[in-house]
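So the structure is just underneath, and the comments pick up after that.
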Amino acid sequence: MHIRQGGPDDVPTVLAMFDSAVAWLTSQGRTGQWGTHPFTGNPKRTRQITGWADLGGMRIAERHGQAAGCLVVGAAHDYITPATEPELYVQALVIDRRHAGHGVGRTLLDWAADEARTRGVSLQRVDCYAGDDGRLVTYYEKCGFTRATPFTVGDWPGMLLTRRV
């Protein structure tokens with residue numbers, strides 16, 4: 001697997017990754033995380049992903065020459081309490097469902113851990129959807145993160161997780 005810098009040309013591809021994830025979650029009745037509508041064609045989502053590309057924190061994992069996943073690092077979201085020490089914050093992680101089950105997410109999170117060490121930072125944080133069956137929180141725990149603080153944004157339940165690298 002190859003990880004590369006993402007850029008503006010990747011925006012349609014990342015939107016499609018989210019579309020595949022939304023469709024899969026919806027097919028399982030798990031609609032609380034990202035809703036039921038595709039990201040493609042949504043101006044707010046397009047602006048969000050374009051911003052990630054423009055700020056330089058986007059990484060694309062390629063598997064067999066195809067974009068398989070996207071990770072974004074940057075500042076903590078405004079609904080998260082600021083860290084009390086330097087950190088590397090994972091703002092987003094999405095995997096194209098065609099590449100699910102091949103370690104794409106874990107590889108991207110390992111890249112983020114390496115990047116934190118390169119920057120001389122030992123704290124990594126990520127937040128995620130904590131509703132429905134809680135499988136996403138469990139996924140991050142299996143990747144070495146620990147539950148830190150539950151929170152809600154409106155009626156969206158989330159969990160802040162941390163790990164030391």
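As shown in the structure tokens, the chain order sets the letters A, B, ...; within each chain, residues go from 1, and ligands are also counted from 1 in the order they appear.
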Practice item. Please run DSSP on the backbone and report, as number ranges by chain, all residues within region 84-134 of chain A that come out as strand (DSSP E). Key: A: 87-95, 123-129
If you count only C-alpha atoms, which residues fall within 8 Å of Ala53 (chain A), apart from same-chain ones fewer than 5 positions away, as a PDB file with all heavy atoms, in the first residue's frame?
```pdb
ATOM      1  N   GLY A   6      -2.636  14.122  -0.395  1.00  0.00           N
ATOM      2  CA  GLY A   6      -3.841  14.388  -1.157  1.00  0.00           C
ATOM      3  C   GLY A   6      -3.883  15.842  -1.585  1.00  0.00           C
ATOM      4  O   GLY A   6      -3.234  16.695  -0.973  1.00  0.00           O
ATOM      5  N   GLY A   7      -4.628  16.127  -2.614  1.00  0.00           N
ATOM      6  CA  GLY A   7      -4.736  17.487  -3.104  1.00  0.00           C
ATOM      7  C   GLY A   7      -6.085  17.747  -3.739  1.00  0.00           C
ATOM      8  O   GLY A   7      -6.979  16.882  -3.722  1.00  0.00           O
ATOM      9  N   PRO A   8      -6.254  18.925  -4.318  1.00  0.00           N
ATOM     10  CA  PRO A   8      -7.540  19.296  -4.914  1.00  0.00           C
ATOM     11  C   PRO A   8      -8.064  18.305  -5.955  1.00  0.00           C
ATOM     12  O   PRO A   8      -9.276  18.106  -6.060  1.00  0.00           O
ATOM     13  CB  PRO A   8      -7.259  20.660  -5.551  1.00  0.00           C
ATOM     14  CG  PRO A   8      -6.125  21.217  -4.742  1.00  0.00           C
ATOM     15  CD  PRO A   8      -5.282  20.011  -4.367  1.00  0.00           C
ATOM     16  N   ASP A  10      -8.034  15.255  -5.768  1.00  0.00           N
ATOM     17  CA  ASP A  10      -8.586  14.088  -5.071  1.00  0.00           C
ATOM     18  C   ASP A  10      -9.986  14.321  -4.504  1.00  0.00           C
ATOM     19  O   ASP A  10     -10.612  13.377  -4.016  1.00  0.00           O
ATOM     20  CB  ASP A  10      -7.653  13.665  -3.928  1.00  0.00           C
ATOM     21  CG  ASP A  10      -6.330  13.142  -4.434  1.00  0.00           C
ATOM     22  OD1 ASP A  10      -6.346  12.173  -5.216  1.00  0.00           O
ATOM     23  OD2 ASP A  10      -5.286  13.705  -4.053  1.00  0.00           O
ATOM     24  N   VAL A  11     -10.465  15.551  -4.547  1.00  0.00           N
ATOM     25  CA  VAL A  11     -11.765  15.849  -3.925  1.00  0.00           C
ATOM     26  C   VAL A  11     -12.878  14.945  -4.456  1.00  0.00           C
ATOM     27  O   VAL A  11     -13.613  14.335  -3.658  1.00  0.00           O
ATOM     28  CB  VAL A  11     -12.106  17.347  -4.048  1.00  0.00           C
ATOM     29  CG1 VAL A  11     -13.545  17.624  -3.616  1.00  0.00           C
ATOM     30  CG2 VAL A  11     -11.122  18.181  -3.211  1.00  0.00           C
ATOM     31  N   MET A  58      -4.299  16.144   4.162  1.00  0.00           N
ATOM     32  CA  MET A  58      -4.953  14.984   3.567  1.00  0.00           C
ATOM     33  C   MET A  58      -3.935  13.982   3.035  1.00  0.00           C
ATOM     34  O   MET A  58      -2.989  14.345   2.345  1.00  0.00           O
ATOM     35  CB  MET A  58      -5.876  15.433   2.427  1.00  0.00           C
ATOM     36  CG  MET A  58      -6.604  14.293   1.734  1.00  0.00           C
ATOM     37  SD  MET A  58      -7.513  14.820   0.252  1.00  0.00           S
ATOM     38  CE  MET A  58      -8.868  15.698   0.991  1.00  0.00           C
TER      39      MET A  58
END
```
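Distance check against Gly103 (chain A) using only C-alpha atoms: of A:Met1, A:Pro86, A:Arg119, A:Arg30, the minimum falls on A:Met1.
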Practice item. Determine, counting only C-alpha atoms, which protein, DNA and RNA residues have an atom within 6 Å of an atom of region 66-70 of chain A; residues of the same chain fewer than 6 positions away are not included. Present the result as a PyMOL selection string. Key: chain A and resi 59-60+93-96+99
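Shortest atom-to-atom contact with Arg125 (chain A) among A:Gly32, A:Gly74, A:Gly154, A:Gly105: A:Gly74, counting only C-alpha atoms.
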Review point. Between A:Arg63, A:His102, A:His2, A:Arg147, which is the closest to Val126 (chain A) once you count only C-alpha atoms?
Key: A:Arg147
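Between Arg117 (chain A) and the residues A:Leu88, A:Ile3, A:Ala83, A:Ala23, the shortest atom-to-atom distance, using only C-alpha atoms, involves A:Leu88.
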Point to revise | Close residues, region 40-47 of chain A itself excluded, 9 Å, only C-alpha atoms, min 6 positions apart in chain, as a ChimeraX atom specification | key: /A:11-12,15-16,18-19
